[in-house]
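Engineer: What follows is a single structure, and I will ask about it in a moment.
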Amino acid sequence: MAAAVVTSVAACTVDSDSGEASASCVAQYTYQDITYRDVGNANFTLGKKLGVATEPPCEDTGGRGKSEEPTGLTETAYEVAGISPEVAIAVGDTPETARFFAVSSGSELPPEVQKLIDGS
């Protein structure tokens, strides 16, 4: 299967009135009721196609009103070779564009994900 190098994705927005920067949402996807965050900086090998992952709405910037519906962006979820889909998946339109996402508890990553990152 395809191998991919992943880089972290982070964004910042600037308030045009105050000129102050504020953090934007970290890239996240939900697959089978589990939310995964972009961890970046890992070499991984894709496994089989799992299904559809959905990007949850971003609430960090306050740009979306309470009455607005989330966009519900969806992409394909893939297995990451050697890691359970309950711990990590890859998400992208195609295998070549898939990025690495993992569950996390605060700032801690699961040991198998940390091992993959450390081996990169």
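Quick note on naming: the chains in the structure tokens go A, B, ... in the order shown, residues restart at 1 in each chain, and ligands are numbered from 1 in order of appearance.
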Give me the residues within 12 Å of segment 80-82 of chain A as a CSV table (one decimal) with N, CA and C atoms, in the first residue's frame, counting only C-alpha atoms and dropping any in the same chain fewer than 3 places off.
Structural biologist:
chain,number,residue,atom,x,y,z
A,1,MET,N,0.8,-1.2,0.0
A,1,MET,CA,0.0,0.0,0.0
A,1,MET,C,0.9,1.3,0.0
A,2,ALA,N,0.3,2.4,0.0
A,2,ALA,CA,1.0,3.7,-0.1
A,2,ALA,C,1.6,4.1,1.2
A,3,ALA,N,2.7,4.7,1.2
A,3,ALA,CA,3.3,5.3,2.4
A,3,ALA,C,3.2,6.8,2.2
A,4,ALA,N,3.1,7.5,3.3
A,4,ALA,CA,2.8,8.9,3.3
A,4,ALA,C,3.6,9.6,4.4
A,42,ALA,N,4.7,11.9,11.1
A,42,ALA,CA,4.8,10.5,11.2
A,42,ALA,C,4.8,9.9,9.8
A,43,ASN,N,5.7,8.9,9.6
A,43,ASN,CA,5.6,8.1,8.4
A,43,ASN,C,4.8,6.9,8.7
A,44,PHE,N,3.8,6.6,7.8
A,44,PHE,CA,2.9,5.5,8.0
A,44,PHE,C,2.6,4.8,6.7
A,45,THR,N,2.1,3.6,6.8
A,45,THR,CA,1.7,2.8,5.7
A,45,THR,C,0.2,2.6,5.8
A,46,LEU,N,-0.5,2.9,4.7
A,46,LEU,CA,-2.0,2.7,4.7
A,46,LEU,C,-2.3,1.3,4.6
A,47,GLY,N,-3.4,1.0,5.2
A,47,GLY,CA,-4.1,-0.3,5.1
A,47,GLY,C,-5.3,-0.2,4.2
A,48,LYS,N,-6.3,-1.0,4.5
A,48,LYS,CA,-7.5,-1.0,3.6
A,48,LYS,C,-8.4,0.2,3.9
A,49,LYS,N,-9.3,0.5,3.0
A,49,LYS,CA,-10.3,1.5,3.1
A,49,LYS,C,-11.3,1.1,4.2
A,50,LEU,N,-11.6,2.0,5.1
A,50,LEU,CA,-12.5,1.7,6.2
A,50,LEU,C,-13.9,2.2,6.0
A,77,ALA,N,-11.8,7.2,5.2
A,77,ALA,CA,-10.9,6.8,6.3
A,77,ALA,C,-10.2,5.5,5.9
A,85,PRO,N,-7.7,0.6,14.3
A,85,PRO,CA,-8.5,1.8,13.9
A,85,PRO,C,-9.2,2.4,15.2
A,86,GLU,N,-9.2,1.8,16.3
A,86,GLU,CA,-9.7,2.4,17.5
A,86,GLU,C,-8.6,3.4,18.1
A,87,VAL,N,-7.4,3.3,17.5
A,87,VAL,CA,-6.3,4.2,18.0
A,87,VAL,C,-5.9,5.2,17.0
A,88,ALA,N,-5.9,4.8,15.7
A,88,ALA,CA,-5.4,5.8,14.7
A,88,ALA,C,-6.0,5.4,13.3
A,89,ILE,N,-6.2,6.4,12.5
A,89,ILE,CA,-6.6,6.2,11.1
A,89,ILE,C,-5.9,7.2,10.2
A,90,ALA,N,-6.0,7.0,8.9
A,90,ALA,CA,-5.6,8.0,8.0
A,90,ALA,C,-6.8,8.5,7.2
A,91,VAL,N,-6.8,9.8,6.9
A,91,VAL,CA,-8.0,10.4,6.3
A,91,VAL,C,-7.6,11.2,5.1
A,95,PRO,N,-5.6,7.8,-1.3
A,95,PRO,CA,-4.6,7.3,-0.5
A,95,PRO,C,-3.3,8.2,-0.5
A,98,ALA,N,-3.9,11.1,2.0
A,98,ALA,CA,-4.3,10.8,3.4
A,98,ALA,C,-3.3,11.3,4.4
A,99,ARG,N,-3.9,11.8,5.5
A,99,ARG,CA,-3.1,12.3,6.6
A,99,ARG,C,-3.4,11.4,7.8
A,100,PHE,N,-2.4,11.4,8.8
A,100,PHE,CA,-2.5,10.6,10.0
A,100,PHE,C,-3.2,11.3,11.1
A,101,PHE,N,-4.2,10.6,11.7
A,101,PHE,CA,-5.0,11.1,12.8
A,101,PHE,C,-5.0,10.0,13.9
A,102,ALA,N,-5.0,10.4,15.1
A,102,ALA,CA,-5.0,9.5,16.3
A,102,ALA,C,-5.9,10.0,17.4
A,112,GLU,N,1.4,3.2,20.9
A,112,GLU,CA,1.7,2.8,19.5
A,112,GLU,C,1.9,3.9,18.5
A,113,VAL,N,1.1,5.0,18.8
A,113,VAL,CA,1.3,6.2,17.9
A,113,VAL,C,2.6,6.9,18.2
A,115,LYS,N,5.3,5.6,19.3
A,115,LYS,CA,6.3,4.8,18.8
A,115,LYS,C,6.5,5.0,17.3
A,116,LEU,N,5.4,5.1,16.6
A,116,LEU,CA,5.4,5.4,15.1
A,116,LEU,C,6.1,6.8,14.9
Engineer: Quick one: residues within 8 Å of Glu75 of chain A, only C-alpha atoms, excluding same-chain residues fewer than 2 positions away - as an mmCIF file with all heavy atoms, in the first residue's frame?
Structural biologist:
data_model
loop_
_atom_site.group_PDB
_atom_site.id
_atom_site.type_symbol
_atom_site.label_atom_id
_atom_site.label_comp_id
_atom_site.auth_asym_id
_atom_site.auth_seq_id
_atom_site.Cartn_x
_atom_site.Cartn_y
_atom_site.Cartn_z
ATOM 1 N N VAL A 52 -16.230 6.181 5.767
ATOM 2 C CA VAL A 52 -16.285 7.644 5.704
ATOM 3 C C VAL A 52 -16.016 8.251 7.075
ATOM 4 O O VAL A 52 -16.593 7.837 8.074
ATOM 5 C CB VAL A 52 -17.669 8.103 5.191
ATOM 6 C CG1 VAL A 52 -17.793 9.612 5.214
ATOM 7 C CG2 VAL A 52 -17.909 7.565 3.787
ATOM 8 N N ALA A 53 -15.119 9.231 7.106
ATOM 9 C CA ALA A 53 -14.847 10.019 8.311
ATOM 10 C C ALA A 53 -15.446 11.399 8.094
ATOM 11 O O ALA A 53 -15.435 11.927 6.983
ATOM 12 C CB ALA A 53 -13.343 10.121 8.560
ATOM 13 N N THR A 54 -15.967 11.992 9.170
ATOM 14 C CA THR A 54 -16.633 13.293 9.089
ATOM 15 C C THR A 54 -15.889 14.320 9.933
ATOM 16 O O THR A 54 -15.531 14.042 11.074
ATOM 17 C CB THR A 54 -18.088 13.182 9.598
ATOM 18 O OG1 THR A 54 -18.751 12.179 8.838
ATOM 19 C CG2 THR A 54 -18.828 14.497 9.454
ATOM 20 N N LEU A 73 -18.128 18.046 6.283
ATOM 21 C CA LEU A 73 -17.136 17.606 5.316
ATOM 22 C C LEU A 73 -16.790 16.145 5.583
ATOM 23 O O LEU A 73 -16.526 15.761 6.728
ATOM 24 C CB LEU A 73 -15.875 18.467 5.413
ATOM 25 C CG LEU A 73 -14.711 18.064 4.514
ATOM 26 C CD1 LEU A 73 -15.080 18.269 3.049
ATOM 27 C CD2 LEU A 73 -13.479 18.856 4.874
ATOM 28 N N ALA A 77 -11.759 7.237 5.226
ATOM 29 C CA ALA A 77 -10.909 6.778 6.329
ATOM 30 C C ALA A 77 -10.223 5.485 5.898
ATOM 31 O O ALA A 77 -10.835 4.621 5.263
ATOM 32 C CB ALA A 77 -11.752 6.526 7.575
ATOM 33 N N VAL A 91 -6.837 9.780 6.887
ATOM 34 C CA VAL A 91 -8.022 10.374 6.265
ATOM 35 C C VAL A 91 -7.586 11.204 5.065
ATOM 36 O O VAL A 91 -6.653 12.000 5.168
ATOM 37 C CB VAL A 91 -8.791 11.268 7.270
ATOM 38 C CG1 VAL A 91 -9.987 11.921 6.602
ATOM 39 C CG2 VAL A 91 -9.218 10.479 8.497
ATOM 40 N N GLY A 92 -8.281 11.009 3.945
ATOM 41 C CA GLY A 92 -8.002 11.809 2.760
ATOM 42 C C GLY A 92 -8.915 11.456 1.612
ATOM 43 O O GLY A 92 -9.580 10.419 1.633
ATOM 44 N N ASP A 93 -8.933 12.315 0.599
ATOM 45 C CA ASP A 93 -9.727 12.048 -0.601
ATOM 46 C C ASP A 93 -9.200 10.828 -1.349
ATOM 47 O O ASP A 93 -9.956 10.084 -1.947
ATOM 48 C CB ASP A 93 -9.696 13.245 -1.554
ATOM 49 C CG ASP A 93 -10.574 14.389 -1.086
ATOM 50 O OD1 ASP A 93 -11.576 14.136 -0.386
ATOM 51 O OD2 ASP A 93 -10.254 15.540 -1.420
#
Engineer: For a test of reading the model, state the distance in Å between atom CA of Asp33 of chain A and atom CA of Thr74 of chain A, rounded to one decimal.
Structural biologist: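 Atom CA of Thr74 of chain A lies 13.9 Å from atom CA of Asp33 of chain A.
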Engineer: Nearest to Pro56 of chain A: which of A:Ile83, A:Ile117, A:Val103, A:Ile34 is it, counting only C-alpha atoms?
Structural biologist: A:Ile34
Engineer: I'd like to know which of A:Thr76, A:Leu109, A:Tyr36, A:Pro57 is closest to Glu96 of chain A, using only C-alpha atoms.
Structural biologist: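 Between A:Thr76, A:Leu109, A:Tyr36, A:Pro57, the residue approaching Glu96 of chain A most closely is A:Thr76.
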